[in-house]
Each structure stands twice: as structure tokens, then as C-alpha cells.
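Trainee: Contents are compact mmCIF, C-alpha atoms and all ligand atoms; file name work.txt:
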```txt
# COMPACT_ATOMS: atom_id res chain seq x y z
CA MET A 1 154.47 136.67 135.63
CA SER A 2 157.65 138.66 135.78
CA PHE A 3 160.59 137.13 137.55
CA ILE A 4 162.73 139.35 139.74
CA ASN A 5 166.02 137.86 140.85
CA TYR A 6 167.81 139.84 143.54
CA SER A 7 170.89 137.70 143.40
CA THR A 8 171.64 138.08 139.72
CA ARG A 9 169.92 141.49 139.70
CA GLU A 10 167.65 140.69 136.81
CA ILE A 11 164.06 141.33 135.92
CA ASN A 12 162.53 139.04 133.33
CA CYS A 13 159.27 139.82 131.57
CA LYS A 14 157.32 137.78 129.05
CA ILE A 15 155.73 139.34 125.98
CA VAL A 16 153.52 137.28 123.67
CA TYR A 17 152.74 138.23 120.06
CA TYR A 18 149.27 136.92 119.27
CA GLY A 19 147.15 137.05 116.12
CA PRO A 20 145.72 135.04 113.22
CA GLY A 21 147.79 132.85 110.92
CA LEU A 22 150.14 134.70 108.56
CA CYS A 23 149.47 138.12 110.14
CA GLY A 24 153.21 138.70 110.62
CA LYS A 25 154.07 137.73 114.21
CA THR A 26 157.20 135.82 113.29
CA THR A 27 158.19 138.62 110.92
CA ASN A 28 158.09 141.07 113.85
CA LEU A 29 160.54 138.95 115.84
CA GLN A 30 162.78 138.42 112.84
CA TYR A 31 163.02 142.15 112.27
CA ILE A 32 163.74 142.86 115.93
CA TYR A 33 166.41 140.17 115.89
CA LYS A 34 168.00 141.61 112.76
CA LYS A 35 168.12 145.14 114.12
CA THR A 36 169.38 144.67 117.68
CA ALA A 37 173.01 144.69 118.70
CA PRO A 38 174.58 141.25 119.38
CA GLU A 39 175.08 141.99 123.09
CA GLN A 40 171.40 142.80 123.49
CA LYS A 41 169.98 139.59 122.12
CA GLY A 42 170.08 135.85 122.42
CA LYS A 43 169.34 133.30 119.71
CA LEU A 44 166.05 133.48 117.85
CA ILE A 45 164.52 130.06 118.30
CA SER A 46 161.79 129.13 115.81
CA LEU A 47 159.87 125.91 116.12
CA ALA A 48 158.32 125.92 112.69
CA THR A 49 156.89 123.61 110.03
CA GLU A 50 158.70 122.93 106.77
CA THR A 51 156.72 125.74 105.20
CA GLU A 52 157.87 128.18 107.88
CA ARG A 53 154.58 128.39 109.71
CA THR A 54 155.03 128.56 113.46
CA LEU A 55 154.45 125.11 114.91
CA PHE A 56 154.87 125.77 118.62
CA PHE A 57 156.52 129.13 119.21
CA ASP A 58 159.27 131.58 118.29
CA PHE A 59 161.40 132.82 121.14
CA LEU A 60 163.73 135.81 121.32
CA PRO A 61 165.36 137.02 124.54
CA LEU A 62 166.29 140.71 124.62
CA ALA A 63 168.24 142.69 127.19
CA LEU A 64 167.82 146.34 126.36
CA GLY A 65 169.47 147.88 129.40
CA ASP A 66 169.39 148.51 133.12
CA ILE A 67 167.01 150.19 135.48
CA ARG A 68 168.39 151.07 138.91
CA GLY A 69 171.07 148.42 138.64
CA PHE A 70 168.70 145.72 137.52
CA ARG A 71 169.14 144.21 134.09
CA VAL A 72 165.78 144.24 132.32
CA ARG A 73 165.18 141.29 130.04
CA PHE A 74 162.23 140.79 127.76
CA HIS A 75 161.38 137.32 126.53
CA LEU A 76 159.46 137.62 123.28
CA TYR A 77 157.25 134.75 122.15
CA THR A 78 154.95 134.28 119.17
CA VAL A 79 152.08 131.82 119.10
CA PRO A 80 151.18 129.64 116.11
CA GLY A 81 148.29 131.49 114.48
CA GLN A 82 146.71 128.64 112.55
CA VAL A 83 143.34 127.75 114.04
CA PHE A 84 144.12 124.10 114.72
CA TYR A 85 147.06 124.94 117.00
CA ALA A 86 144.68 126.18 119.69
CA ALA A 87 146.14 124.00 122.45
CA SER A 88 149.71 125.23 121.88
CA ARG A 89 148.57 128.84 121.76
CA LYS A 90 147.08 128.57 125.17
CA LEU A 91 150.23 127.01 126.66
CA ILE A 92 152.38 129.89 125.48
CA LEU A 93 150.18 132.49 127.16
CA LYS A 94 150.93 131.05 130.55
CA GLY A 95 152.65 133.61 132.74
CA VAL A 96 152.44 136.39 130.17
CA ASP A 97 153.17 139.96 131.28
CA GLY A 98 151.99 141.76 128.17
CA VAL A 99 150.33 140.93 124.85
CA VAL A 100 150.82 142.38 121.38
CA PHE A 101 147.93 141.58 119.09
CA VAL A 102 149.09 141.64 115.48
CA ALA A 103 146.12 142.17 113.18
CA ASP A 104 146.27 141.50 109.45
CA SER A 105 144.95 144.62 107.70
CA GLN A 106 143.73 142.81 104.59
CA ILE A 107 139.97 142.97 104.10
CA GLU A 108 139.64 139.21 103.74
CA ARG A 109 141.44 138.64 107.07
CA MET A 110 139.09 140.73 109.21
CA ASP A 111 137.05 137.73 110.30
CA ALA A 112 140.25 135.90 111.22
CA ASN A 113 141.34 138.91 113.30
CA ILE A 114 138.07 138.96 115.20
CA GLU A 115 138.16 135.23 115.80
CA SER A 116 141.76 135.36 117.02
CA LEU A 117 141.05 138.22 119.40
CA GLU A 118 138.14 136.27 120.89
CA ASP A 119 140.37 133.23 121.21
CA LEU A 120 142.92 135.39 123.04
CA LYS A 121 140.36 136.62 125.55
CA ILE A 122 139.11 133.12 126.24
CA ASN A 123 142.60 131.71 126.69
CA LEU A 124 143.65 134.53 129.00
CA ALA A 125 140.50 134.08 131.06
CA GLU A 126 141.42 130.47 131.65
CA TYR A 127 144.56 131.65 133.40
CA GLY A 128 142.54 134.23 135.29
CA TYR A 129 143.80 137.19 133.26
CA ASP A 130 141.63 139.90 131.82
CA LEU A 131 142.72 141.53 128.58
CA GLU A 132 141.37 144.85 129.83
CA ARG A 133 143.65 144.75 132.82
CA ILE A 134 146.98 143.61 131.45
CA PRO A 135 149.47 145.50 129.29
CA PHE A 136 148.11 145.26 125.76
CA THR A 137 149.11 146.82 122.43
CA ILE A 138 147.60 146.34 118.99
CA GLN A 139 149.51 146.40 115.73
CA TYR A 140 147.76 146.85 112.37
CA ASN A 141 150.15 145.09 110.07
CA LYS A 142 150.59 144.84 106.30
CA ARG A 143 149.70 148.47 105.69
CA ASP A 144 151.65 148.26 102.41
CA LEU A 145 149.08 146.03 100.74
CA PRO A 146 146.39 147.47 98.45
CA ASN A 147 143.30 145.67 99.78
CA ILE A 148 143.30 146.90 103.35
CA VAL A 149 140.69 148.01 105.85
CA PRO A 150 140.92 151.69 106.93
CA VAL A 151 142.47 152.11 110.38
CA GLU A 152 139.32 153.78 111.76
CA GLU A 153 137.31 150.71 110.84
CA MET A 154 139.88 148.35 112.40
CA GLN A 155 139.86 150.50 115.52
CA ARG A 156 136.11 150.30 115.76
CA VAL A 157 136.01 146.54 115.40
CA LEU A 158 139.17 145.42 117.22
CA ASN A 159 139.97 148.16 119.71
CA PRO A 160 136.85 149.32 121.56
CA ASN A 161 138.89 150.13 124.67
CA ASN A 162 141.28 152.26 122.69
CA VAL A 163 144.55 150.67 123.83
CA PRO A 164 147.72 151.94 122.11
CA TYR A 165 147.91 150.87 118.47
CA TYR A 166 150.47 151.13 115.70
CA GLU A 167 150.30 150.80 111.95
CA ALA A 168 153.03 148.54 110.65
CA ILE A 169 154.74 146.97 107.71
CA ALA A 170 156.62 144.26 109.57
CA THR A 171 158.55 143.10 106.51
CA GLU A 172 160.10 146.57 106.25
CA GLY A 173 160.29 147.16 109.98
CA VAL A 174 157.76 149.99 109.98
CA GLY A 175 156.05 150.18 113.39
CA VAL A 176 157.88 147.15 114.75
CA PHE A 177 160.03 148.82 117.39
CA GLU A 178 157.30 151.32 118.21
CA THR A 179 155.05 148.40 119.11
CA LEU A 180 157.75 146.70 121.17
CA LYS A 181 158.62 149.86 123.08
CA ASP A 182 155.02 150.51 123.88
CA ILE A 183 154.35 147.09 125.35
CA GLY A 184 157.67 147.15 127.21
CA LYS A 185 156.83 150.46 128.83
CA GLN A 186 153.36 149.33 129.77
CA ILE A 187 154.79 146.24 131.47
CA LEU A 188 157.35 148.18 133.49
CA LYS A 189 154.75 150.73 134.54
CA GLU A 190 152.48 147.92 135.63
CA LEU A 191 155.29 146.36 137.67
CA LYS A 192 155.97 149.69 139.28
CA LYS A 193 152.32 150.13 140.15
CA ASN A 194 152.06 146.74 141.81
CA TYR A 195 155.16 147.06 143.85
CA MET B 1 149.74 139.94 137.69
CA ALA B 2 151.78 138.11 140.29
CA GLU B 3 155.52 138.46 140.26
CA PHE B 4 157.97 135.75 141.11
CA VAL B 5 160.57 137.27 143.37
CA LEU B 6 163.75 135.49 144.30
CA TYR B 7 165.75 136.92 147.19
CA GLU B 8 169.47 136.60 147.66
CA ASP B 9 169.42 134.01 150.46
CA ALA B 10 166.94 131.73 148.71
CA PHE B 11 168.99 131.95 145.56
CA LYS B 12 172.11 130.90 147.48
CA ARG B 13 170.38 127.85 148.89
CA ILE B 14 169.11 126.88 145.45
CA ASP B 15 172.54 127.35 143.94
CA GLU B 16 174.16 125.24 146.66
CA GLU B 17 171.68 122.42 146.16
CA LEU B 18 172.22 122.46 142.39
CA ARG B 19 175.96 122.25 142.97
CA ARG B 20 175.51 119.30 145.28
CA LEU B 21 173.28 117.56 142.77
CA TYR B 22 175.78 118.29 140.00
CA GLN B 23 178.61 116.69 141.93
CA LEU B 24 176.80 113.74 143.45
CA SER B 25 175.12 112.73 140.21
CA ASN B 26 178.23 113.18 138.06
CA ALA B 27 176.23 115.36 135.72
CA LYS B 28 177.47 117.54 132.88
CA LEU B 29 174.96 120.25 133.50
CA VAL B 30 172.23 120.97 136.01
CA PHE B 31 169.77 123.82 135.72
CA LEU B 32 166.55 125.12 137.15
CA VAL B 33 163.90 126.91 135.10
CA ASP B 34 160.56 128.38 136.04
CA ARG B 35 157.50 127.10 134.23
CA ASN B 36 157.47 130.13 132.00
CA GLY B 37 160.89 129.31 130.65
CA GLN B 38 163.04 131.74 132.61
CA LEU B 39 166.34 130.40 133.82
CA ILE B 40 166.73 130.55 137.60
CA ALA B 41 170.17 129.02 138.07
CA SER B 42 172.59 126.66 136.36
CA VAL B 43 175.71 124.69 137.26
CA GLY B 44 178.18 122.86 135.05
CA GLU B 45 179.53 123.05 131.54
CA THR B 46 177.42 125.96 130.36
CA ARG B 47 180.02 127.93 128.46
CA ASN B 48 179.17 126.63 125.01
CA ILE B 49 175.48 126.30 125.64
CA ASP B 50 172.79 128.91 125.18
CA THR B 51 171.11 128.40 128.54
CA THR B 52 168.41 131.01 127.87
CA ALA B 53 167.21 129.14 124.81
CA LEU B 54 167.59 125.84 126.64
CA ALA B 55 165.37 127.14 129.45
CA SER B 56 162.66 128.30 127.09
CA LEU B 57 162.62 125.01 125.17
CA THR B 58 162.55 122.98 128.37
CA ALA B 59 159.52 124.88 129.61
CA GLY B 60 157.90 124.39 126.20
CA ASN B 61 158.60 120.68 126.48
CA ILE B 62 156.98 120.44 129.92
CA ALA B 63 154.04 122.55 128.76
CA ALA B 64 153.50 120.36 125.71
CA THR B 65 153.64 117.05 127.58
CA GLY B 66 151.47 118.57 130.29
CA GLY B 67 148.92 119.35 127.58
CA ILE B 68 149.13 115.76 126.36
CA ALA B 69 148.57 114.43 129.88
CA LYS B 70 145.51 116.60 130.24
CA LEU B 71 144.08 115.30 126.99
CA LEU B 72 144.58 111.77 128.25
CA GLY B 73 142.83 112.74 131.45
CA GLN B 74 145.73 112.16 133.74
CA LYS B 75 147.99 114.11 136.01
CA GLU B 76 150.94 115.88 134.51
CA PHE B 77 154.02 113.78 133.76
CA SER B 78 156.32 114.77 136.58
CA ILE B 79 159.43 113.25 135.01
CA LEU B 80 160.60 113.28 131.40
CA PHE B 81 163.64 111.41 130.21
CA HIS B 82 165.28 111.70 126.82
CA GLU B 83 168.06 109.37 125.84
CA GLY B 84 170.54 110.64 123.32
CA GLU B 85 173.49 109.21 121.46
CA ARG B 86 175.94 110.92 123.78
CA ASP B 87 174.00 112.89 126.37
CA ASN B 88 170.83 112.11 128.21
CA ILE B 89 168.46 114.58 129.74
CA HIS B 90 166.34 114.14 132.85
CA ILE B 91 163.59 116.71 133.40
CA SER B 92 161.43 116.85 136.49
CA LEU B 93 158.86 119.14 138.03
CA VAL B 94 159.60 120.43 141.51
CA ALA B 95 156.81 121.67 143.73
CA ASN B 96 154.70 121.97 140.59
CA LYS B 97 156.42 125.28 140.08
CA VAL B 98 159.92 124.92 138.73
CA ILE B 99 161.64 122.51 136.38
CA LEU B 100 164.84 120.76 137.31
CA VAL B 101 167.01 119.57 134.42
CA VAL B 102 170.01 117.25 134.57
CA VAL B 103 172.14 116.57 131.51
CA PHE B 104 174.47 113.58 131.87
CA ASP B 105 176.50 111.12 129.83
CA GLN B 106 178.00 107.66 130.37
CA ARG B 107 179.97 108.87 133.39
CA SER B 108 176.67 108.71 135.26
CA SER B 109 173.53 106.59 135.04
CA LEU B 110 169.80 107.06 135.03
CA GLY B 111 169.48 105.30 138.38
CA LEU B 112 171.96 107.59 140.07
CA VAL B 113 170.44 110.71 138.54
CA ARG B 114 166.96 109.67 139.62
CA LEU B 115 168.06 109.07 143.17
CA ARG B 116 169.95 112.35 143.49
CA VAL B 117 167.16 114.33 141.81
CA LYS B 118 164.69 112.94 144.30
CA LYS B 119 166.83 114.06 147.23
CA SER B 120 167.52 117.50 145.81
CA SER B 121 163.87 118.00 144.92
CA GLN B 122 162.96 117.72 148.57
CA VAL B 123 165.40 120.45 149.49
CA LEU B 124 164.28 122.69 146.64
CA GLU B 125 160.63 122.15 147.49
CA GLN B 126 161.38 123.38 150.97
CA VAL B 127 163.05 126.53 149.67
CA PHE B 128 160.17 127.32 147.34
CA SER B 129 157.48 126.71 149.89
CA GLU B 130 159.27 129.10 152.25
CA LEU B 131 159.48 131.67 149.46
CA GLU B 132 155.77 131.33 148.96
CA THR B 133 154.84 132.01 152.56
CA ARG B 134 157.24 134.87 152.76
CA ARG B 135 156.12 136.68 149.66
CA PRO B 136 153.32 138.85 151.02
CA GLU B 137 155.41 140.83 153.47
CA LYS B 138 158.20 142.74 151.87
CA LYS B 139 161.60 142.71 153.44
CA VAL B 140 162.80 146.12 154.39
CA GLU B 141 166.47 145.68 153.65
CA GLU B 142 165.78 144.54 150.11
CA ILE B 143 164.43 147.60 148.44
CA SER B 144 162.44 146.88 145.35
CA PRO B 145 164.07 148.21 142.18
CA PHE B 146 160.63 149.53 141.36
CA ALA B 147 160.14 151.44 144.55
CA ASP B 148 161.31 154.70 143.10
CA ILE B 149 161.81 154.30 139.39
CA THR B 150 160.32 157.10 137.39
CA ASP B 151 158.58 157.15 134.06
CA GLU B 152 161.71 158.85 132.87
CA ASP B 153 163.83 155.82 133.82
CA ILE B 154 161.49 153.68 131.80
CA GLU B 155 161.63 155.99 128.81
CA LYS B 156 165.41 156.02 128.99
CA LEU B 157 165.62 152.24 128.81
CA PHE B 158 164.02 152.41 125.39
CA GLY B 159 166.22 155.35 124.35
N1 LIG A 201 153.21 142.62 102.36
C1 LIG A 201 153.48 142.31 103.63
N2 LIG A 201 153.74 141.03 103.96
C2 LIG A 201 154.00 140.75 105.26
C3 LIG A 201 154.03 141.75 106.26
N3 LIG A 201 154.33 141.15 107.44
C4 LIG A 201 154.49 139.84 107.17
N4 LIG A 201 154.30 139.58 105.86
C5 LIG A 201 154.39 138.30 105.17
O1 LIG A 201 153.34 137.45 105.61
C6 LIG A 201 153.76 136.09 105.63
C7 LIG A 201 153.50 135.47 106.99
O2 LIG A 201 154.29 136.10 107.98
P1 LIG A 201 154.68 135.39 109.36
O3 LIG A 201 155.43 136.38 110.15
O4 LIG A 201 155.32 134.08 109.11
O5 LIG A 201 153.23 135.16 109.96
P2 LIG A 201 152.84 134.54 111.38
O6 LIG A 201 151.87 135.47 111.99
O7 LIG A 201 154.05 134.22 112.17
O8 LIG A 201 152.08 133.20 110.92
P3 LIG A 201 151.86 131.82 111.78
O9 LIG A 201 153.21 131.40 112.25
O10 LIG A 201 151.24 130.86 110.87
O11 LIG A 201 150.95 132.18 112.90
C8 LIG A 201 155.23 136.10 105.26
O12 LIG A 201 155.36 135.77 103.90
C9 LIG A 201 155.66 137.53 105.51
O13 LIG A 201 156.72 137.93 104.68
C10 LIG A 201 153.76 143.12 105.87
O14 LIG A 201 153.75 144.04 106.67
N5 LIG A 201 153.48 143.31 104.55
MG MG A 202 154.77 132.54 112.98
```
Do you think you could lay out the structure here as C-alpha cells?
Mentor:
Amino acid sequence: MSFINYSTREINCKIVYYGPGLCGKTTNLQYIYKKTAPEQKGKLISLATETERTLFFDFLPLALGDIRGFRVRFHLYTVPGQVFYAASRKLILKGVDGVVFVADSQIERMDANIESLEDLKINLAEYGYDLERIPFTIQYNKRDLPNIVPVEEMQRVLNPNNVPYYEAIATEGVGVFETLKDIGKQILKELKKNY
Amino acid sequence: MAEFVLYEDAFKRIDEELRRLYQLSNAKLVFLVDRNGQLIASVGETRNIDTTALASLTAGNIAATGGIAKLLGQKEFSILFHEGERDNIHISLVANKVILVVVFDQRSSLGLVRLRVKKSSQVLEQVFSELETRRPEKKVEEISPFADITDEDIEKLFG
């Protein structure tokens, strides 16, 4: 649910990075944080375990610029990917404007990708959202590793509706901003449509 | 997906009420956040505080305890209170929609904060319920920033 404030002339939108454990969601936010100018970003908040697994969420507020005198802010969240954090994952999806699904390209993580995508659909449905009708982008991450599934195969299994997708190496920043731009644009176009 | 739109006049009323609460409760900081963690307004000593992060964490806090309440099969906790060494924090749900937060120290007291929060909540509830009923019809004099943005504008934002 985007929040439009006429008094402060701000538009706030919420983007959630979803995906299985260790697929690279937090790494995406860390790279974005590292590469944006100080005046465009707030603090990166990470609620993580001692082993740096996301425990509740990561949060990064970004203000990329203005549209027609309104400051556009994106609030980026990641969910904890580990299966047993199901309850927290659902909480973070509340009020989401757009979802990035980060898939782990490694062969042995394909089942985890499928399971996480199903989990996403179910959680969205509980808030009355339909993944086919909200801004949605897929990122195939870890393309630098040797044991990966070909993109065509990932497309077939994870992206039957052919939403925009990007290949990425989040640790090196490859595909990270492309993914963010895509979801940001989709959200603003959706807002425009509904207005 | 539904948008949450806050018009100028409603914002002024909210801001006024937060100011009143801030003064009457002797607080250090008063702020209002929507349930998704977006800051609506704040009053007080905010200069050295990252209010955006504070807003997001507060909403996370309410969401987490709300989840706990559900597991226990009871209604959401409508008030949370954390006592600190120096500062205390009082968090409450207003109209089931927004979160009101008061940070205070020994210059105030829990009793006073509770009382003033109760009074202000009534006012805020009124403002939000009016916003709700008004939402469907758009006001003419407040032109939506989206009314005539182009795809080009959107592209430009991402330069
Ligand atoms: N080789 C390689 N490693 C990556 C890539 N992206 C992330 N990683 C590594 O994968 C590990 C997990 O990354 P995180 O970003 O913490 O994963 P996450 O999705 O946030 O995991 P959870 O918080 O448990 O859900 C880290 O060691 C990263 O450095 C990538 O593109 N290539
Ligand atoms: Mg993480």
C-alpha cells in the first residue's frame, strides 16, 4: 500500500525481496546501500542472527528523486528465507507494493526456489493480493557459480507468466540495480494506472 | 492495491494533535507511523534520531507482537510499553490502522503518558475515520501527482 502525503509531498512505496534462504536477498540490499549517494539513502537496518542470517528483516529507505514535485521514496525490505521463519515472512509482506523474487541458480536449490515461490503466493493470498496482478520481478542470482541451472529451465519452472527477469551476481552487483529499477518502474506505472 | 492518501488538512490536524500530546505529556518525542512502517508525522527531539528507521522498527515490533497474540488466540496487544534505563517508550495502536509512539524520560510518567495518549487517540481516530469515508471521491483542487505523469517521467527518475 503506497502512502501519498500531500502535506510533505512524498510518495512512499514498499518493495519486498523474497526468496529461499541464502539466495542473496540481503546481499542485494547491501550492494544497493554501498552504491547509492548518502543523500539518497537512510540507514540499512539488519535484524540478523549471529551468523548473519536474516532473523526478521533488512530495511533500506531510498529516495531516488522527484516526480512532479513529489519526492518518491522506496522502502526496501528483505524477508528471512529460512523455512522456519514462515510467520515473520508473512508479516513483512503486509502492505507490499511490489515483490522481487530472488532465485538461487544453483541446481541443488531449485526445490527451495519452487517451495519459496509457492510460500509467497500463499502468503500474498492471505492479504488478498494476487502475484499475477501486482508488480513482480524475478532475479536469477549467483550466475557466477559453476553448478547452475540454465536460464531457460529456470524460466520454465519459475516464470510461467513471463514477468521481467534479470540474471545477477549480487555479490558483484551484476543485475542488482536493473532489478530494482524494473520493480520501481512497475510500481509507479501501477500507481498511475489506479489513479 | 489500495493507496493511503493523506491530504493537507488532515495532516495539519494530526500534526496539531501530536504537538498537543507532546506538550501535555512532557514527552521527548512523539511520532505516528502507519502499520507498514512509514512515518506519518513526528514532533520533538528528532534531530539526532533516524526517524525512518525508527518507524520501520516500530511497525515490525507491532507486527511481531500481533503475530504472538494471534498464536495465543487473543486480540492484538493494543499497547506496548518498554522501560529503558533512561528513556521509556509507549506504543499504541490507533483505529487499528496507525501506530502512535511516545518516548519519554523521568520528566514524565507512565500514568500521564497513558492518559494523554488515550485522549489524543480519540482525536486521531476521528481524523482517520473521516479520511476513510472521504477517500473514494477525489478532491478536485488536490490534483494527483499521478494524473499526468508520463512513462518518460518514470524513466527519468531512474536515470
Ligand atoms: N557466489 C555468489 N555468492 C552469493 C551471491 N549472492 C549472494 N551470495 C552469497 O550467499 C550467501 C547468502 O547471502 P545473503 O544475502 O545473506 O542471503 P539471504 O537471501 O539474505 O539469506 P537469508 O537471510 O537466510 O534469507 C552470502 O555468503 C553471500 O555472499 C552471488 O551472486 N554469487
Ligand atoms: Mg538475509
Trainee: Within 8 Å of chain A, which residues of chain B show up when using all atoms listed in the file, listed as a PDB file with C-alpha atoms, in the frame of the given file?
Mentor:
```
ATOM      1  CA  MET B   1     149.740 139.940 137.690  1.00  0.00           C
ATOM      2  CA  ALA B   2     151.780 138.110 140.290  1.00  0.00           C
ATOM      3  CA  GLU B   3     155.520 138.460 140.260  1.00  0.00           C
ATOM      4  CA  PHE B   4     157.970 135.750 141.110  1.00  0.00           C
ATOM      5  CA  VAL B   5     160.570 137.270 143.370  1.00  0.00           C
ATOM      6  CA  LEU B   6     163.750 135.490 144.300  1.00  0.00           C
ATOM      7  CA  TYR B   7     165.750 136.920 147.190  1.00  0.00           C
ATOM      8  CA  GLU B   8     169.470 136.600 147.660  1.00  0.00           C
ATOM      9  CA  PHE B  11     168.990 131.950 145.560  1.00  0.00           C
ATOM     10  CA  ASN B  36     157.470 130.130 132.000  1.00  0.00           C
ATOM     11  CA  GLN B  38     163.040 131.740 132.610  1.00  0.00           C
ATOM     12  CA  ASP B  50     172.790 128.910 125.180  1.00  0.00           C
ATOM     13  CA  THR B  52     168.410 131.010 127.870  1.00  0.00           C
ATOM     14  CA  ALA B  53     167.210 129.140 124.810  1.00  0.00           C
ATOM     15  CA  SER B  56     162.660 128.300 127.090  1.00  0.00           C
ATOM     16  CA  GLY B  60     157.900 124.390 126.200  1.00  0.00           C
ATOM     17  CA  ALA B  63     154.040 122.550 128.760  1.00  0.00           C
ATOM     18  CA  ALA B  64     153.500 120.360 125.710  1.00  0.00           C
ATOM     19  CA  GLY B  67     148.920 119.350 127.580  1.00  0.00           C
ATOM     20  CA  SER B 144     162.440 146.880 145.350  1.00  0.00           C
ATOM     21  CA  PRO B 145     164.070 148.210 142.180  1.00  0.00           C
ATOM     22  CA  PHE B 146     160.630 149.530 141.360  1.00  0.00           C
ATOM     23  CA  ALA B 147     160.140 151.440 144.550  1.00  0.00           C
ATOM     24  CA  ILE B 149     161.810 154.300 139.390  1.00  0.00           C
ATOM     25  CA  ASP B 151     158.580 157.150 134.060  1.00  0.00           C
ATOM     26  CA  ASP B 153     163.830 155.820 133.820  1.00  0.00           C
ATOM     27  CA  ILE B 154     161.490 153.680 131.800  1.00  0.00           C
ATOM     28  CA  GLU B 155     161.630 155.990 128.810  1.00  0.00           C
ATOM     29  CA  LEU B 157     165.620 152.240 128.810  1.00  0.00           C
ATOM     30  CA  PHE B 158     164.020 152.410 125.390  1.00  0.00           C
TER      31      PHE B 158
END
```
Trainee: Tell me, in Å to one decimal, how far atom CA of Arg86 of chain B is from atom CA of Phe104 of chain B.
Mentor: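 One can read the atom CA of Arg86 of chain B to atom CA of Phe104 of chain B distance as 8.6 Å.
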Trainee: What gap, in Å, lies between atom CA of Ala95 of chain B and atom CA of Asn26 of chain B?
Mentor: 23.7 Å
Trainee: Please check which protein, DNA or RNA residues sit within 6 Å of ligand MG 202 (chain A), counting all atoms listed in the file, and write them as a PDB file with C-alpha atoms, in the coordinates of the input.
Mentor:
```
ATOM      1  CA  LYS A  25     154.070 137.730 114.210  1.00  0.00           C
ATOM      2  CA  THR A  26     157.200 135.820 113.290  1.00  0.00           C
ATOM      3  CA  ARG A  53     154.580 128.390 109.710  1.00  0.00           C
ATOM      4  CA  THR A  54     155.030 128.560 113.460  1.00  0.00           C
ATOM      5  CA  PRO A  80     151.180 129.640 116.110  1.00  0.00           C
TER       6      PRO A  80
END
```
Trainee: Fewer than 6 positions away in the same chain doesn't count, so skip those; otherwise give me all residues within 8 Å of Leu62 of chain A, counting all atoms listed in the file, as an NGL selection string.
Mentor: :A and (40-42 or 73-76)
Trainee: What residues have any atom no more than 6 Å from ligand LIG 201 (chain A) when counting only C-alpha atoms and all ligand atoms, and can you list them as a PyMOL selection string?
Mentor: chain A and resi 20-27+53-54+80-82+141-142+144-145+169-171
Trainee: Measuring atom to atom with only C-alpha atoms, identify which of B:Asn96, B:Gln23, B:Ser121, B:Ser129 is nearest to Val43 of chain B.
Mentor: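 Between B:Asn96, B:Gln23, B:Ser121, B:Ser129, the residue approaching Val43 of chain B most closely is B:Gln23.
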Trainee: Choose the residue, out of B:Leu57, B:Ile62, B:Ala69, B:Leu110, that has the smallest atom-to-atom separation from Val94 of chain B; count all atoms listed in the file.
Mentor: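 So, comparing all the options, the nearest one is B:Ile62.
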Trainee: Neighbouring residues of Ser108 of chain B were defined as those with any atom within 10 Å, considering only C-alpha atoms; residues of the same chain fewer than 6 positions away were excluded. Please report them as a PDB file with C-alpha atoms, in the frame of the given file.
Mentor:
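Contents of the output file around.pdb:
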```pdb
ATOM      1  CA  LEU B  24     176.800 113.740 143.450  1.00  0.00           C
ATOM      2  CA  SER B  25     175.120 112.730 140.210  1.00  0.00           C
ATOM      3  CA  ASN B  26     178.230 113.180 138.060  1.00  0.00           C
ATOM      4  CA  ALA B  27     176.230 115.360 135.720  1.00  0.00           C
ATOM      5  CA  LYS B  28     177.470 117.540 132.880  1.00  0.00           C
ATOM      6  CA  ASN B  88     170.830 112.110 128.210  1.00  0.00           C
TER       7      ASN B  88
END
```
Trainee: One decimal, in Å: what's the spacing between atom CA of Gln139 of chain A and atom CA of Phe101 of chain A?
Mentor: 6.1 Å
Trainee: In the coordinates of the file, take the point (175.5, 110.3, 123.3) and a cut-off of 12 Å; then, counting all atoms listed in the file, name each qualifying protein, DNA or RNA residue as a PyMOL selection string.
Mentor: chain B and resi 82-89+103-107
